[in-house]
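As structure tokens, the structure follows; a few thoughts come after it.
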Amino acid sequence: MIGTLYGLGVGPGDPELITVKAFRKLKESPVIAYPKKQKGSKSYAQKIIDVYFSANEKDMLGLVFPMTKDPAILEKKWTETVERVWEKLEEGKDVAFVTEGDPMLYSTFIHMMRLMQECHPEAPIQVIPGISSINGAASRLGIPLADGDEHVAIVPAREDYETMKKVLMENDCVIFIKVAKVIDFMVGLLKELDLLKKASVVTKVTSDEEIIWKASELEGADLQYLTLMVVRK
């Protein structure tokens, strides 16, 4: 029997926001795969699940994902990563691939799933949804994302003036992910559109490292990667 690969969402940061089903699969799966930092420090997803068991209870499969845009390096490293997971599945072991938030929303698991289906189509794959950082931010900020016929958009922030402006103009609420590297650009755009007071920014939402900012405080700020912005008109 081939083991099952589970894409398992462990929520935005607070370990208590893991679903009952995700918790059960964590307990049942002999192998837990997780994104691993090259420098050896714990990944965000790993920290979320650490409270539930010690490392010696499971076969912990740390996977390093290359931070490069070189297609040759990406293909080689990703193939190696998929084969490491396949080795466990071939042994008949279920593998729970944990990811912060939801596995099907801007997640590393999406590419893992596609490559596994391509390289080993016989591998069973199941996805267990998780609470995203977007939902977590709405709750922590007390901001409804959409009501009635309102429009909401989820957009990776980038220095593209026309696109970012259009998104803000056409939607009642916009969640900008990956906002840390372009925070000055986004603050400038919000000022121009008189929306600065409508924007809030959250880092590592719901975790014990959570920080909530007003967008007006952030010009020139050096923010962590796991930061998003909510603009609610």
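Within each chain, counting starts at residue 1; across the structure tokens, chains are named A, B, ... in the order shown, with ligands numbered 1 upward in that order.
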Find the nearest atom pair between each residue of stretch 22-76 of chain A and stretch 118-128 of chain A for residues within 12 Å, count only C-alpha atoms, give distances in Å to one decimal, sort rows by chain and ascending number, and present the table as a tab-separated table.
residue	atom	partner	partner_atom	distance
A:Ala22	CA	A:Ile128	CA	6.5
A:Phe23	CA	A:Ile128	CA	10.3
A:Arg24	CA	A:Ile128	CA	10.9
A:Lys25	CA	A:Ile128	CA	9.0
A:Leu26	CA	A:Ile128	CA	11.0
Inset, instruction - Skip stretch 192-198 of chain A itself and residues of its chain fewer than 2 positions away, then list as a PyMOL selection string all residues within 12 Å of it, counting only C-alpha atoms. - result: chain A and resi 141+143+161+164-169+172-175+184-190+200-201+213-219+229-233
Inset, instruction - Please give the complete set of residues from stretch 4-111 of chain A that DSSP, run on the backbone, assigns to alpha helix (DSSP H), formatted as a count of residues only. - result: 39
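Minimum atom-to-atom distances from A:Gly220, A:Gly136, A:Pro144, A:Gly11 to A:Ala45 were compared using only C-alpha atoms, and the lowest value belongs to A:Gly11.
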Inset, instruction - Just list the residues in stretch 145-227 of chain A DSSP gives strand (DSSP E) on the backbone, as JSON, numbers by chain. - result: {"A": [152, 153, 154, 155, 156, 173, 174, 175, 176, 177, 199, 200, 201, 202, 203, 211, 212, 213, 214, 227]}
Legend entry - Selection near stretch 29-38 of chain A, 6 Å with only C-alpha atoms, sequence-local residues under 5 positions removed, as a PyMOL selection string: chain A and resi 43+58-64+94-98
Please produce an output containing C-alpha atoms for each residue in the selection, written as an mmCIF file, in the first residue's frame.
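Written file, result02.cif:
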data_model
loop_
_atom_site.group_PDB
_atom_site.id
_atom_site.type_symbol
_atom_site.label_atom_id
_atom_site.label_comp_id
_atom_site.auth_asym_id
_atom_site.auth_seq_id
_atom_site.Cartn_x
_atom_site.Cartn_y
_atom_site.Cartn_z
ATOM 1 C CA SER A 43 9.981 27.288 10.284
ATOM 2 C CA LYS A 58 7.453 11.443 14.661
ATOM 3 C CA ASP A 59 9.643 11.065 11.614
ATOM 4 C CA MET A 60 10.222 14.786 11.002
ATOM 5 C CA LEU A 61 11.036 15.428 7.353
ATOM 6 C CA GLY A 62 12.483 18.917 6.978
ATOM 7 C CA LEU A 63 12.325 20.160 3.396
ATOM 8 C CA VAL A 64 14.410 23.108 2.197
ATOM 9 C CA ASP A 94 1.270 8.632 5.412
ATOM 10 C CA VAL A 95 2.968 12.022 5.173
ATOM 11 C CA ALA A 96 1.385 15.152 6.636
ATOM 12 C CA PHE A 97 2.833 18.173 4.823
ATOM 13 C CA VAL A 98 2.119 21.082 7.168
#
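Across the structure, atom CA of A:Ser133 and atom CA of A:Gln46 are spaced 15.9 Å apart.
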Contacts of A:Phe65 at 12 Å (only C-alpha atoms; same-chain gap of 4+ positions) as a compact mmCIF listing (two decimals) with N, CA, C and O atoms, in the first residue's frame:
# COMPACT_ATOMS: atom_id res chain seq x y z
N TYR A 34 7.72 19.36 6.64
CA TYR A 34 7.55 20.79 6.93
C TYR A 34 8.63 21.59 6.21
O TYR A 34 9.73 21.09 5.98
N PRO A 35 8.33 22.82 5.84
CA PRO A 35 9.36 23.68 5.25
C PRO A 35 10.45 23.95 6.28
O PRO A 35 10.16 24.28 7.43
N LYS A 36 11.69 23.78 5.87
CA LYS A 36 12.82 23.93 6.78
C LYS A 36 13.71 25.08 6.33
O LYS A 36 14.01 25.20 5.13
N LYS A 37 14.12 25.90 7.25
CA LYS A 37 15.01 27.01 6.90
C LYS A 37 16.44 26.48 6.76
O LYS A 37 16.88 25.62 7.52
N GLN A 38 17.17 27.04 5.82
CA GLN A 38 18.52 26.56 5.55
C GLN A 38 19.46 26.79 6.73
O GLN A 38 20.38 26.03 6.96
N SER A 43 10.90 26.59 11.18
CA SER A 43 9.98 27.29 10.28
C SER A 43 8.73 27.68 11.05
O SER A 43 8.45 27.15 12.14
N LYS A 69 15.12 32.18 -8.44
CA LYS A 69 14.25 32.18 -9.61
C LYS A 69 14.90 31.45 -10.79
O LYS A 69 14.34 31.41 -11.88
N ILE A 73 17.84 25.40 -11.26
CA ILE A 73 18.03 25.08 -9.84
C ILE A 73 16.71 24.70 -9.21
O ILE A 73 16.61 23.73 -8.45
N LEU A 74 15.66 25.45 -9.52
CA LEU A 74 14.33 25.17 -8.97
C LEU A 74 13.86 23.77 -9.33
O LEU A 74 13.38 23.02 -8.48
N GLU A 75 14.01 23.41 -10.61
CA GLU A 75 13.54 22.11 -11.07
C GLU A 75 14.30 20.99 -10.37
O GLU A 75 13.70 20.01 -9.91
N LYS A 76 15.62 21.13 -10.25
CA LYS A 76 16.46 20.10 -9.62
C LYS A 76 16.09 19.93 -8.15
O LYS A 76 15.87 18.82 -7.66
N LYS A 77 16.03 21.04 -7.42
CA LYS A 77 15.76 20.98 -5.98
C LYS A 77 14.35 20.50 -5.69
O LYS A 77 14.11 19.74 -4.75
N TRP A 78 13.39 20.96 -6.48
CA TRP A 78 12.00 20.54 -6.26
C TRP A 78 11.84 19.05 -6.54
O TRP A 78 11.12 18.34 -5.83
N THR A 79 12.51 18.56 -7.58
CA THR A 79 12.44 17.13 -7.89
C THR A 79 13.01 16.31 -6.74
O THR A 79 12.44 15.29 -6.34
N GLU A 80 14.13 16.77 -6.19
CA GLU A 80 14.74 16.09 -5.06
C GLU A 80 13.78 16.08 -3.86
O GLU A 80 13.65 15.06 -3.16
N THR A 81 13.11 17.19 -3.63
CA THR A 81 12.18 17.30 -2.50
C THR A 81 11.00 16.35 -2.66
O THR A 81 10.60 15.66 -1.72
N VAL A 82 10.44 16.32 -3.86
CA VAL A 82 9.30 15.43 -4.13
C VAL A 82 9.72 13.97 -3.95
O VAL A 82 8.97 13.16 -3.37
N THR A 108 3.15 26.64 -0.37
CA THR A 108 4.18 25.79 -0.95
C THR A 108 3.61 24.43 -1.35
O THR A 108 4.09 23.80 -2.29
N PHE A 109 2.59 24.01 -0.64
CA PHE A 109 2.03 22.68 -0.91
C PHE A 109 1.44 22.59 -2.32
O PHE A 109 1.42 21.49 -2.91
N HIS A 111 2.58 23.56 -5.21
CA HIS A 111 3.58 23.08 -6.16
C HIS A 111 3.97 21.64 -5.83
O HIS A 111 4.19 20.82 -6.74
N MET A 112 4.07 21.33 -4.53
CA MET A 112 4.36 19.95 -4.12
C MET A 112 3.30 18.99 -4.68
O MET A 112 3.61 17.93 -5.23
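The interatomic distance for the pair atom CA of A:Leu17 and atom CA of A:Ile177 works out to 20.1 Å.
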Show me, as JSON lines, the residues of stretch 127-174 of chain A having an atom within 7 Å of stretch 179-183 of chain A, each with the closest atom pair and its distance in Å, using only C-alpha atoms.
{"residue": "A:Ala157", "atom": "CA", "partner": "A:Val179", "partner_atom": "CA", "distance": 5.2}
{"residue": "A:Arg158", "atom": "CA", "partner": "A:Val182", "partner_atom": "CA", "distance": 6.3}
{"residue": "A:Glu159", "atom": "CA", "partner": "A:Val182", "partner_atom": "CA", "distance": 6.6}
Inset, instruction - Rank nothing, just name the residue among A:Tyr52, A:Phe176, A:Pro103, A:Thr163 nearest to A:Ala199, using only C-alpha atoms. - result: A:Phe176
